[in-house]
file start-v1.tsv (TSV, C-alpha atoms (C1' of nucleotides))
chain	number	residue	atom	x	y	z
Q	560	MET	CA	-22.66	-13.59	39.78
Q	561	ALA	CA	-21.59	-14.83	36.43
Q	562	ASP	CA	-19.12	-13.11	34.19
Q	563	SER	CA	-20.42	-10.22	32.21
Q	564	PRO	CA	-22.35	-11.59	29.25
Q	565	PRO	CA	-20.45	-11.77	25.95
Q	566	ARG	CA	-21.65	-8.47	24.57
Q	567	PRO	CA	-21.07	-8.14	20.87
Q	568	LEU	CA	-18.22	-5.85	20.09
Q	569	LEU	CA	-19.34	-2.30	19.48
Q	570	GLY	CA	-17.18	-2.01	16.39
Q	571	LEU	CA	-18.93	-5.02	14.94
Q	572	LEU	CA	-22.33	-3.45	15.53
Q	573	LEU	CA	-21.23	-0.25	13.84
Q	574	ARG	CA	-19.85	-2.14	10.88
Q	575	LEU	CA	-22.97	-4.22	10.41
Q	576	ALA	CA	-25.25	-1.21	10.66
Q	577	GLN	CA	-23.17	0.63	8.10
Q	578	GLN	CA	-23.27	-2.35	5.76
Q	579	HIS	CA	-27.05	-2.41	6.03
Q	580	TRP	CA	-27.19	1.27	5.24
Q	581	ALA	CA	-25.02	0.93	2.16
Q	582	GLN	CA	-26.99	-2.02	0.91
Q	583	ASP	CA	-30.32	-0.31	1.48
Q	584	ILE	CA	-29.13	2.77	-0.41
Q	585	ASP	CA	-28.02	0.57	-3.24
Q	586	ALA	CA	-31.31	-1.30	-3.36
Q	587	ALA	CA	-33.35	1.89	-3.26
Q	588	LEU	CA	-31.40	3.44	-6.11
Q	589	ALA	CA	-31.72	0.28	-8.17
Q	590	GLU	CA	-35.45	0.29	-7.51
Q	591	ALA	CA	-35.62	3.88	-8.73
Q	592	GLY	CA	-34.10	2.81	-12.03
Q	593	PHE	CA	-30.48	3.65	-11.30
Q	594	GLY	CA	-29.17	0.13	-11.12
Q	595	ASP	CA	-25.81	1.09	-12.57
Q	596	ILE	CA	-24.99	3.30	-9.59
Q	597	ARG	CA	-22.85	1.43	-7.12
Q	598	PRO	CA	-22.42	2.22	-3.42
Q	599	PRO	CA	-19.32	4.39	-3.75
Q	600	HIS	CA	-21.14	6.61	-6.22
Q	601	ALA	CA	-23.75	7.44	-3.62
Q	602	ASN	CA	-21.04	9.49	-1.93
Q	603	VAL	CA	-21.02	11.84	-4.88
Q	604	PHE	CA	-24.54	13.05	-5.58
Q	605	PRO	CA	-25.34	14.66	-2.24
Q	606	PHE	CA	-22.39	17.00	-2.63
Q	607	VAL	CA	-22.49	18.16	-6.24
Q	608	GLY	CA	-24.14	21.58	-6.45
Q	609	PRO	CA	-25.16	23.63	-9.46
Q	610	ASP	CA	-21.84	25.47	-9.56
Q	611	GLY	CA	-19.77	22.33	-9.77
Q	612	ILE	CA	-17.30	21.08	-7.24
Q	613	GLN	CA	-13.71	19.92	-7.25
Q	614	VAL	CA	-12.88	16.28	-6.72
Q	615	SER	CA	-10.72	17.18	-3.74
Q	616	GLU	CA	-13.59	19.03	-2.14
Q	617	LEU	CA	-15.91	16.10	-2.85
Q	618	ALA	CA	-13.46	13.76	-1.19
Q	619	GLN	CA	-13.28	15.95	1.90
Q	620	ARG	CA	-17.05	16.06	2.22
Q	621	ALA	CA	-17.45	12.31	1.85
Q	622	ARG	CA	-14.39	11.70	4.05
Q	623	ILE	CA	-12.56	9.50	1.62
Q	624	ARG	CA	-9.31	10.05	-0.26
Q	625	LYS	CA	-9.25	12.10	-3.38
Q	626	GLN	CA	-7.92	9.09	-5.32
Q	627	SER	CA	-10.94	7.04	-4.33
Q	628	MET	CA	-13.31	9.85	-5.16
Q	629	ALA	CA	-11.58	10.43	-8.46
Q	630	GLU	CA	-12.27	6.83	-9.38
Q	631	ALA	CA	-15.94	7.11	-8.48
Q	632	VAL	CA	-16.29	10.32	-10.46
Q	633	GLU	CA	-14.56	8.79	-13.45
Q	634	GLN	CA	-17.02	5.91	-13.45
Q	635	LEU	CA	-19.96	8.27	-13.09
Q	636	GLU	CA	-18.63	10.21	-16.04
Q	637	GLU	CA	-18.51	7.06	-18.15
Q	638	LEU	CA	-22.06	6.29	-17.08
Q	639	GLY	CA	-23.14	9.76	-18.13
Q	640	TYR	CA	-24.18	11.06	-14.72
Q	641	VAL	CA	-21.53	13.74	-14.36
Q	642	GLU	CA	-19.12	15.67	-16.51
Q	643	ARG	CA	-15.91	17.49	-15.69
Q	644	ARG	CA	-15.03	20.92	-17.01
Q	645	PRO	CA	-11.96	23.04	-16.37
Q	646	ASP	CA	-12.22	25.35	-13.40
Q	647	PRO	CA	-12.03	28.88	-14.82
Q	648	HIS	CA	-10.42	30.14	-11.62
Q	649	ASP	CA	-7.78	27.45	-11.19
Q	650	ARG	CA	-6.01	25.88	-14.10
Q	651	ARG	CA	-5.01	22.87	-12.01
Q	652	ALA	CA	-8.58	22.02	-11.19
Q	653	ARG	CA	-11.55	20.53	-12.97
Q	654	LEU	CA	-15.08	20.99	-11.69
Q	655	VAL	CA	-17.59	18.17	-11.52
Q	656	PHE	CA	-21.10	18.94	-12.76
Q	657	LEU	CA	-24.22	16.80	-12.93
Q	658	THR	CA	-25.53	16.04	-16.39
Q	659	PRO	CA	-29.30	16.11	-16.87
Q	660	ARG	CA	-29.25	12.41	-16.17
Q	661	GLY	CA	-27.34	13.06	-12.96
Q	662	GLU	CA	-29.77	15.80	-11.97
Q	663	ALA	CA	-32.48	13.17	-11.94
Q	664	VAL	CA	-30.54	11.12	-9.41
Q	665	ARG	CA	-29.80	13.81	-6.89
Q	666	PRO	CA	-33.25	14.18	-5.35
Q	667	VAL	CA	-33.67	10.41	-5.28
Q	668	SER	CA	-30.33	10.04	-3.57
Q	669	LEU	CA	-31.16	12.60	-0.92
Q	670	ALA	CA	-34.65	11.27	-0.34
Q	671	THR	CA	-33.39	7.72	-0.09
Q	672	GLY	CA	-31.21	8.52	2.89
Q	673	ARG	CA	-34.14	10.12	4.65
Q	674	ARG	CA	-36.38	7.22	3.76
Q	675	ILE	CA	-34.04	4.61	5.17
Q	676	GLU	CA	-33.69	6.60	8.35
Q	677	GLU	CA	-37.47	6.67	8.50
Q	678	GLN	CA	-37.68	2.91	7.99
Q	679	TRP	CA	-35.14	2.30	10.71
Q	680	GLY	CA	-37.20	4.53	12.95
Q	681	GLU	CA	-40.22	2.36	12.31
Q	682	LEU	CA	-38.24	-0.67	13.41
Q	683	VAL	CA	-36.76	0.62	16.65
Q	684	GLY	CA	-38.47	3.97	17.22
Q	685	GLN	CA	-37.92	7.34	15.61
Q	686	GLU	CA	-36.68	8.75	18.85
Q	687	GLU	CA	-34.04	6.07	19.22
Q	688	ILE	CA	-32.72	6.80	15.76
Q	689	ALA	CA	-32.59	10.50	16.50
Q	690	THR	CA	-30.65	9.71	19.68
Q	691	LEU	CA	-28.36	7.42	17.74
Q	692	ARG	CA	-27.59	10.20	15.30
Q	693	ALA	CA	-27.06	12.72	18.07
Q	694	THR	CA	-24.73	10.42	19.98
Q	695	LEU	CA	-22.69	9.66	16.90
Q	696	GLU	CA	-22.42	13.33	16.02
Q	697	ALA	CA	-21.29	14.20	19.53
Q	698	LEU	CA	-18.86	11.32	19.62
Q	699	LEU	CA	-17.29	12.17	16.29
Q	700	ALA	CA	-17.01	15.80	17.27
Q	701	SER	CA	-15.19	14.84	20.47
Q	702	LEU	CA	-12.97	12.37	18.71
Q	703	SER	CA	-11.92	14.75	15.99
Q	704	GLU	CA	-11.03	17.39	18.56
Q	705	ARG	CA	-8.76	15.25	20.64
Q	706	GLY	CA	-6.69	13.48	18.13
Q	707	THR	CA	-5.94	12.33	14.73
Q	708	THR	CA	-8.20	10.17	12.68
Q	709	ALA	CA	-7.38	7.92	9.82
Q	710	GLN	CA	-9.06	10.59	7.77
Q	711	SER	CA	-7.80	13.69	9.49
Q	712	ALA	CA	-4.34	12.20	9.71
Q	713	ALA	CA	-4.07	12.14	5.99
Q	714	SER	CA	-5.77	15.44	5.31
Q	715	THR	CA	-3.55	16.96	7.92
Q	716	ALA	CA	-0.49	15.44	6.35
Q	717	GLU	CA	-1.49	16.75	2.99
Q	718	ARG	CA	-2.24	20.09	4.50
Q	719	SER	CA	0.63	20.58	6.85
J	708	MET	CA	-38.84	28.55	8.56
J	709	ALA	CA	-35.80	27.56	6.64
J	710	ASP	CA	-35.24	24.23	5.04
J	711	SER	CA	-34.21	21.42	7.33
J	712	PRO	CA	-30.53	21.83	8.08
J	713	PRO	CA	-28.15	19.69	6.05
J	714	ARG	CA	-27.88	16.81	8.50
J	715	PRO	CA	-24.93	14.60	7.81
J	716	LEU	CA	-25.95	11.31	6.30
J	717	LEU	CA	-26.45	8.64	8.92
J	718	GLY	CA	-24.45	6.14	6.92
J	719	LEU	CA	-21.51	8.52	6.95
J	720	LEU	CA	-21.70	8.85	10.73
J	721	LEU	CA	-21.74	5.08	11.12
J	722	ARG	CA	-18.80	4.67	8.81
J	723	LEU	CA	-16.72	7.31	10.55
J	724	ALA	CA	-17.46	5.90	13.99
J	725	GLN	CA	-16.48	2.45	12.82
J	726	GLN	CA	-13.26	3.79	11.34
J	727	HIS	CA	-12.41	5.39	14.66
J	728	TRP	CA	-13.08	2.14	16.44
J	729	ALA	CA	-10.85	0.16	14.14
J	730	GLN	CA	-8.08	2.70	14.40
J	731	ASP	CA	-8.29	2.86	18.18
J	732	ILE	CA	-8.13	-0.92	18.41
J	733	ASP	CA	-5.11	-0.87	16.18
J	734	ALA	CA	-3.38	1.81	18.19
J	735	ALA	CA	-4.08	0.07	21.49
J	736	LEU	CA	-2.69	-3.23	20.26
J	737	ALA	CA	0.38	-1.53	18.88
J	738	GLU	CA	0.86	0.19	22.22
J	739	ALA	CA	0.66	-3.18	23.94
J	740	GLY	CA	3.51	-4.43	21.82
J	741	PHE	CA	1.53	-6.13	19.09
J	742	GLY	CA	2.30	-3.75	16.29
J	743	ASP	CA	2.25	-6.44	13.66
J	744	ILE	CA	-1.45	-7.16	14.24
J	745	ARG	CA	-3.57	-5.33	11.68
J	746	PRO	CA	-7.25	-4.42	12.02
J	747	PRO	CA	-8.66	-7.50	10.32
J	748	HIS	CA	-6.78	-9.73	12.74
J	749	ALA	CA	-8.63	-8.19	15.64
J	750	ASN	CA	-11.66	-10.09	14.37
J	751	VAL	CA	-9.93	-13.35	15.20
J	752	PHE	CA	-8.76	-13.28	18.80
J	753	PRO	CA	-12.07	-12.73	20.56
J	754	PHE	CA	-13.43	-15.91	19.04
J	755	VAL	CA	-10.65	-18.45	19.37
J	756	GLY	CA	-11.27	-20.63	22.42
J	757	PRO	CA	-9.06	-23.27	24.04
J	758	ASP	CA	-10.61	-26.08	22.00
J	759	GLY	CA	-9.86	-24.45	18.67
J	760	ILE	CA	-12.33	-23.25	16.11
J	761	GLN	CA	-12.93	-23.73	12.42
J	762	VAL	CA	-12.29	-20.90	10.01
J	763	SER	CA	-15.87	-21.10	8.79
J	764	GLU	CA	-17.13	-20.70	12.32
J	765	LEU	CA	-14.77	-17.79	12.90
J	766	ALA	CA	-16.07	-16.10	9.78
J	767	GLN	CA	-19.67	-16.49	10.92
J	768	ARG	CA	-18.88	-14.97	14.30
J	769	ALA	CA	-17.06	-12.00	12.83
J	770	ARG	CA	-19.64	-11.65	10.05
J	771	ILE	CA	-17.21	-11.72	7.20
J	772	ARG	CA	-16.68	-14.32	4.46
J	773	LYS	CA	-14.73	-17.40	5.17
J	774	GLN	CA	-12.30	-16.46	2.41
J	775	SER	CA	-11.52	-13.17	4.13
J	776	MET	CA	-11.15	-14.86	7.47
J	777	ALA	CA	-8.95	-17.53	5.95
J	778	GLU	CA	-6.62	-14.81	4.77
J	779	ALA	CA	-6.46	-13.19	8.19
J	780	VAL	CA	-5.79	-16.54	9.86
J	781	GLU	CA	-3.09	-17.35	7.36
J	782	GLN	CA	-1.32	-14.10	8.14
J	783	LEU	CA	-1.64	-14.67	11.86
J	784	GLU	CA	-0.15	-18.11	11.36
J	785	GLU	CA	2.84	-16.61	9.58
J	786	LEU	CA	3.21	-14.13	12.42
J	787	GLY	CA	3.16	-16.98	14.92
J	788	TYR	CA	-0.03	-16.04	16.75
J	789	VAL	CA	-2.12	-19.04	15.73
J	790	GLU	CA	-1.62	-22.51	14.35
J	791	ARG	CA	-3.95	-24.85	12.49
J	792	ARG	CA	-4.29	-28.52	13.25
J	793	PRO	CA	-6.53	-31.12	11.65
J	794	ASP	CA	-9.95	-31.48	13.23
J	795	PRO	CA	-10.06	-35.01	14.65
J	796	HIS	CA	-13.82	-35.16	14.13
J	797	ASP	CA	-13.97	-33.89	10.56
J	798	ARG	CA	-11.31	-34.69	8.06
J	799	ARG	CA	-12.31	-31.74	5.88
J	800	ALA	CA	-11.69	-29.23	8.63
J	801	ARG	CA	-8.72	-27.70	10.34
J	802	LEU	CA	-8.99	-26.11	13.76
J	803	VAL	CA	-7.40	-22.79	14.63
J	804	PHE	CA	-5.58	-22.62	17.96
J	805	LEU	CA	-3.74	-19.80	19.66
J	806	THR	CA	-0.03	-20.28	20.15
J	807	PRO	CA	1.47	-19.09	23.45
J	808	ARG	CA	2.19	-15.84	21.70
J	809	GLY	CA	-1.45	-15.62	20.62
J	810	GLU	CA	-2.63	-16.40	24.15
J	811	ALA	CA	-0.91	-13.25	25.26
J	812	VAL	CA	-2.94	-11.20	22.82
J	813	ARG	CA	-6.40	-12.50	23.65
J	814	PRO	CA	-6.90	-10.73	26.98
J	815	VAL	CA	-5.45	-7.53	25.58
J	816	SER	CA	-7.77	-7.74	22.61
J	817	LEU	CA	-10.84	-8.25	24.76
J	818	ALA	CA	-9.86	-5.58	27.25
J	819	THR	CA	-9.12	-3.09	24.50
J	820	GLY	CA	-12.66	-3.20	23.18
J	821	ARG	CA	-14.02	-2.54	26.65
J	822	ARG	CA	-11.49	0.23	27.19
J	823	ILE	CA	-12.40	2.07	24.02
J	824	GLU	CA	-16.06	1.82	24.88
J	825	GLU	CA	-15.17	3.28	28.26
J	826	GLN	CA	-13.24	6.13	26.66
J	827	TRP	CA	-16.11	6.92	24.35
J	828	GLY	CA	-18.37	6.95	27.36
J	829	GLU	CA	-16.14	9.54	28.98
J	830	LEU	CA	-16.49	11.71	25.89
J	831	VAL	CA	-20.26	11.63	25.43
J	832	GLY	CA	-21.57	9.87	28.53
J	833	GLN	CA	-21.58	6.21	29.49
J	834	GLU	CA	-25.33	6.12	29.31
J	835	GLU	CA	-25.35	7.43	25.76
J	836	ILE	CA	-22.94	4.74	24.66
J	837	ALA	CA	-25.06	2.08	26.33
J	838	THR	CA	-28.09	3.44	24.50
J	839	LEU	CA	-26.13	3.51	21.26
J	840	ARG	CA	-25.25	-0.14	21.69
J	841	ALA	CA	-28.82	-1.07	22.59
J	842	THR	CA	-30.26	0.75	19.61
J	843	LEU	CA	-27.81	-0.84	17.23
J	844	GLU	CA	-28.51	-4.29	18.63
J	845	ALA	CA	-32.25	-3.78	18.31
J	846	LEU	CA	-31.89	-2.36	14.82
J	847	LEU	CA	-29.73	-5.19	13.59
J	848	ALA	CA	-32.05	-7.74	15.10
J	849	SER	CA	-35.01	-6.18	13.30
J	850	LEU	CA	-33.13	-5.88	10.06
J	851	SER	CA	-31.93	-9.45	10.04
J	852	GLU	CA	-35.45	-10.68	10.67
J	853	ARG	CA	-37.07	-8.86	7.84
J	854	GLY	CA	-34.87	-9.42	4.94
J	855	THR	CA	-31.64	-10.34	3.49
J	856	THR	CA	-28.39	-8.68	4.33
J	857	ALA	CA	-25.22	-8.59	2.38
J	858	GLN	CA	-24.00	-10.95	5.04
J	859	SER	CA	-27.07	-13.06	5.59
J	860	ALA	CA	-27.72	-13.23	1.88
J	861	ALA	CA	-24.54	-15.11	1.36
J	862	SER	CA	-24.74	-17.27	4.46
J	863	THR	CA	-28.29	-18.12	3.48
J	864	ALA	CA	-27.26	-18.94	-0.03
J	865	GLU	CA	-24.47	-21.10	1.23
J	866	ARG	CA	-26.81	-22.73	3.67
J	867	SER	CA	-29.91	-23.29	1.60
U	877	DT	C1'	-25.37	-48.93	-0.62
U	878	DT	C1'	-25.69	-45.60	-3.43
U	879	DA	C1'	-27.26	-41.00	-5.01
U	880	DA	C1'	-28.12	-36.35	-3.75
U	881	DC	C1'	-27.09	-32.63	-1.25
U	882	DA	C1'	-24.53	-29.86	2.43
U	883	DT	C1'	-20.28	-28.06	4.31
U	884	DG	C1'	-15.02	-26.89	5.16
U	885	DG	C1'	-11.66	-25.12	2.74
U	886	DA	C1'	-8.88	-23.42	-1.34
U	887	DC	C1'	-8.07	-20.91	-5.84
U	888	DA	C1'	-8.97	-17.14	-9.11
U	889	DG	C1'	-10.45	-12.68	-10.01
U	890	DG	C1'	-12.72	-8.06	-9.04
U	891	DC	C1'	-13.64	-3.77	-6.52
U	892	DA	C1'	-12.99	0.03	-3.56
U	893	DA	C1'	-10.60	1.81	-0.15
U	894	DC	C1'	-5.77	2.85	1.32
U	895	DT	C1'	-0.45	4.93	1.05
U	896	DG	C1'	3.21	6.99	-1.42
U	897	DA	C1'	5.18	9.48	-5.07
U	898	DC	C1'	4.87	12.53	-8.83
U	899	DT	C1'	3.58	16.77	-12.12
U	900	DA	C1'	1.58	21.10	-12.85
U	901	DT	C1'	-0.28	25.15	-11.14
U	902	DA	C1'	-1.07	28.63	-7.11
U	903	DT	C1'	0.18	31.06	-3.24
U	904	DT	C1'	3.23	32.97	0.10
U	905	DA	C1'	7.72	34.62	1.99
U	906	DG	C1'	12.08	36.65	1.57
F	586	DC	C1'	11.20	38.37	-8.68
F	587	DT	C1'	12.50	34.23	-7.00
F	588	DA	C1'	12.30	30.46	-3.83
F	589	DA	C1'	9.71	27.73	-0.83
F	590	DT	C1'	5.52	25.70	0.12
F	591	DA	C1'	0.74	24.24	-0.64
F	592	DT	C1'	-2.86	22.26	-3.52
F	593	DA	C1'	-5.47	19.65	-7.67
F	594	DG	C1'	-5.03	15.76	-9.90
F	595	DT	C1'	-2.85	11.39	-11.52
F	596	DC	C1'	-0.15	6.97	-11.52
F	597	DA	C1'	1.46	2.84	-9.23
F	598	DG	C1'	1.11	-0.50	-5.76
F	599	DT	C1'	-1.16	-2.73	-1.52
F	600	DT	C1'	-4.82	-4.39	1.40
F	601	DG	C1'	-9.14	-6.39	2.73
F	602	DC	C1'	-13.27	-7.38	1.45
F	603	DC	C1'	-16.27	-9.34	-2.01
F	604	DT	C1'	-18.12	-13.12	-5.70
F	605	DG	C1'	-17.83	-17.38	-8.20
F	606	DT	C1'	-16.05	-21.88	-8.68
F	607	DC	C1'	-14.09	-26.07	-7.43
F	608	DC	C1'	-12.70	-30.37	-4.63
F	609	DA	C1'	-12.86	-33.41	-0.69
F	610	DT	C1'	-15.40	-34.97	3.00
F	611	DG	C1'	-19.92	-35.54	5.66
F	612	DT	C1'	-24.72	-36.36	6.02
F	613	DT	C1'	-29.20	-37.73	4.56
F	614	DA	C1'	-32.61	-40.12	1.78
F	615	DA	C1'	-34.06	-43.51	-1.68

call {"tool": "encode", "arguments": {"input": "start-v1.tsv", "output": "C-alpha cells"}}
result
Amino acid sequence: MADSPPRPLLGLLLRLAQQHWAQDIDAALAEAGFGDIRPPHANVFPFVGPDGIQVSELAQRARIRKQSMAEAVEQLEELGYVERRPDPHDRRARLVFLTPRGEAVRPVSLATGRRIEEQWGELVGQEEIATLRATLEALLASLSERGTTAQSAASTAERS
Amino acid sequence: MADSPPRPLLGLLLRLAQQHWAQDIDAALAEAGFGDIRPPHANVFPFVGPDGIQVSELAQRARIRKQSMAEAVEQLEELGYVERRPDPHDRRARLVFLTPRGEAVRPVSLATGRRIEEQWGELVGQEEIATLRATLEALLASLSERGTTAQSAASTAERS
DNA sequence: TTAACATGGACAGGCAACTGACTATATTAG
DNA sequence: CTAATATAGTCAGTTGCCTGTCCATGTTAA
C-alpha cells in the first residue's frame, strides 16, 4: 500500500469555496447594476430591516468586528445606499437605515445568495449542497459550544 | 406555511468554518512550541520538499499570490525556519529550503491538519466530514472549469 | 542571432480585516 | 446617589491579502 494520497488541506478547500462565493456575489451585484458595491458591503444589506439597526448589531450578525462594519457602513453612506440617524432610545447609538436606493439592493442581495446556491447545486447536486450546509451548521454549532472562536473570543472579551 | 426560515448565508458558513480551521491550526502549532508561526506561514510548510521550491510554485500550490507568499517566506526566513538559495538551473530564481528548525515543523504541520479534521469528525461524524471534503472538491473542480476565479483569473492573466 | 514573449522575483500602494485604547452614554450594585 | 461596569462608536496602528508595475533572466520564433 502506498502512503495516503496527498489530499488537499481542508482549510484550503474552505477558503477557495468562500472566495468563489464572494466573487460570485460581487459579479451578480455588478450585473444587477450595483457595480459600486464591494464584497464587504454585501454583509450589510441582508441585515438592515425597516426599523434600522445599530452598527454593533450588524457586526454581530455578520460576524465581523464593529470597526470593520463601521467602515463598510460609512462607505455605503457615501454611496447613498444607507443613512444613519440617532437612535431615539440610546443617545450613544446611531441606527442604520436603507435609503430608497438601498431598498432596491436588498432583494437583489438576498436573491443572489439563493441563486448562487442554486447554481452550485446544478454543478454538484442540490442534495450535496444541502448536506454541505447542514454539516457546516452542525460543525459551527459544535465548535462554538466547546470553545472560543476568533469571533466569540473578542465578543466575549468585549462582553465580559 | 410561513416564509422559508432565515437560513444563514452559505458564504458566511464557509467563512466561519475556515476561520475556525485557521485558528485551530494556529493553536496547535503554538501548543507544539511554534508560537511564532502565524496562520499564513502554515501555507508554506506542507509544500516545501527536500529539493527546495520556488516562491512562485509555493504560491500556486497554496493558491495565493506570489507577493503574499514572498512575504510569508521572508518572515519565516527571519524566524530561522527556511532559507533561500539560488536555483542552480535558473539564475532568476531562488529556492526555498527548510532549515533544521523548519524540518521539525513540517511533520507537525501535516499532522495538525489531519488531527483537526479528525476532531471535526468527532463533532459531526467522520462520514459527514468526508462528504464535506468530497463536495468541496467536486464544487471547486466544476467552478474552475467553467470560468475564471479570483485566483485563476490572475494566474491565467500572468500565464497568457 | 536577434526580436518577441514568458516567467521569477521585487517594489509600491490599496483594501479590509484585525487588536488595542479611548470617549460618551447606559445600566447595575452598593 | 454614587461608583463600578457594560456598551456604542471612533481613532490609531498592524497584518495579510490584493493589484499594478518593473527588471532580469529564460525560451521561442523569425

call {"tool": "interface_residues", "arguments": {"input": "start-v1.tsv", "of": "chain F", "to": "chain J", "cutoff": "7 Å", "atoms": "all atoms listed in the file", "output": "number ranges by chain"}}
result
F: 602, 609-610

call {"tool": "interface_residues", "arguments": {"input": "start-v1.tsv", "of": "chain Q", "to": "chain J", "cutoff": "8 Å", "atoms": "only C-alpha atoms", "output": "ChimeraX atom specification"}}
result
/Q:568-582,621,672,676,679,682-683,687-688,690-692,694-699,701,708-709

call {"tool": "residues_around", "arguments": {"input": "start-v1.tsv", "residues": "region 595-597 of chain Q", "least_positions_apart": "4", "cutoff": "9 Å", "atoms": "only C-alpha atoms (C1' of nucleotides)", "output": "PyMOL selection string"}}
result
chain Q and resi 585+588-589+601+635+638

call {"tool": "closest_residue", "arguments": {"input": "start-v1.tsv", "among": "U:DA888, U:DA900, U:DA882, U:DC894", "to": "chain J", "atoms": "all atoms listed in the file"}}
result
U:DA882

call {"tool": "closest_atom_pairs", "arguments": {"input": "start-v1.tsv", "of": "chain U", "to": "chain J", "cutoff": "10 Å", "atoms": "all atoms listed in the file", "output": "Markdown table"}}
result
| residue | atom | partner | partner_atom | distance |
| --- | --- | --- | --- | --- |
| U:DA882 | C1' | J:Arg866 | CA | 7.6 |
| U:DT883 | C1' | J:Arg866 | CA | 8.5 |
| U:DG884 | C1' | J:Ala800 | CA | 5.3 |
| U:DG885 | C1' | J:Ala800 | CA | 7.2 |
| U:DA886 | C1' | J:Gln774 | CA | 8.6 |

call {"tool": "atom_distance", "arguments": {"input": "start-v1.tsv", "atom1": "CA of Leu765 (chain J)", "atom2": "CA of Glu738 (chain J)"}}
result
25.6 Å

call {"tool": "atom_distance", "arguments": {"input": "start-v1.tsv", "atom1": "CA of Val803 (chain J)", "atom2": "CA of Glu790 (chain J)"}}
result
5.8 Å

call {"tool": "closest_residue", "arguments": {"input": "start-v1.tsv", "among": "Q:Val603, Q:Asp610, Q:Thr671, Q:Ala586", "to": "Arg644 (chain Q)", "atoms": "all atoms listed in the file"}}
result
Q:Asp610

call {"tool": "atom_distance", "arguments": {"input": "start-v1.tsv", "atom1": "CA of Leu654 (chain Q)", "atom2": "C1' of DA589 (chain F)"}}
result
27.9 Å

call {"tool": "residues_near_point", "arguments": {"input": "start-v1.tsv", "point": "(-27.3, 13.2, -17.8)", "cutoff": "6 Å", "atoms": "all atoms listed in the file", "output": "mmCIF file with C-alpha atoms, in the frame of the given file"}}
result
data_model
loop_
_atom_site.group_PDB
_atom_site.id
_atom_site.type_symbol
_atom_site.label_atom_id
_atom_site.label_comp_id
_atom_site.auth_asym_id
_atom_site.auth_seq_id
_atom_site.Cartn_x
_atom_site.Cartn_y
_atom_site.Cartn_z
ATOM 1 C CA GLY Q 639 -23.140 9.760 -18.130
ATOM 2 C CA TYR Q 640 -24.180 11.060 -14.720
ATOM 3 C CA THR Q 658 -25.530 16.040 -16.390
ATOM 4 C CA PRO Q 659 -29.300 16.110 -16.870
ATOM 5 C CA ARG Q 660 -29.250 12.410 -16.170
ATOM 6 C CA GLY Q 661 -27.340 13.060 -12.960
#

call {"tool": "closest_residue", "arguments": {"input": "start-v1.tsv", "among": "F:DT587, F:DC607, F:DA593, F:DG598", "to": "DA897 (chain U)", "atoms": "all atoms listed in the file"}}
result
F:DG598
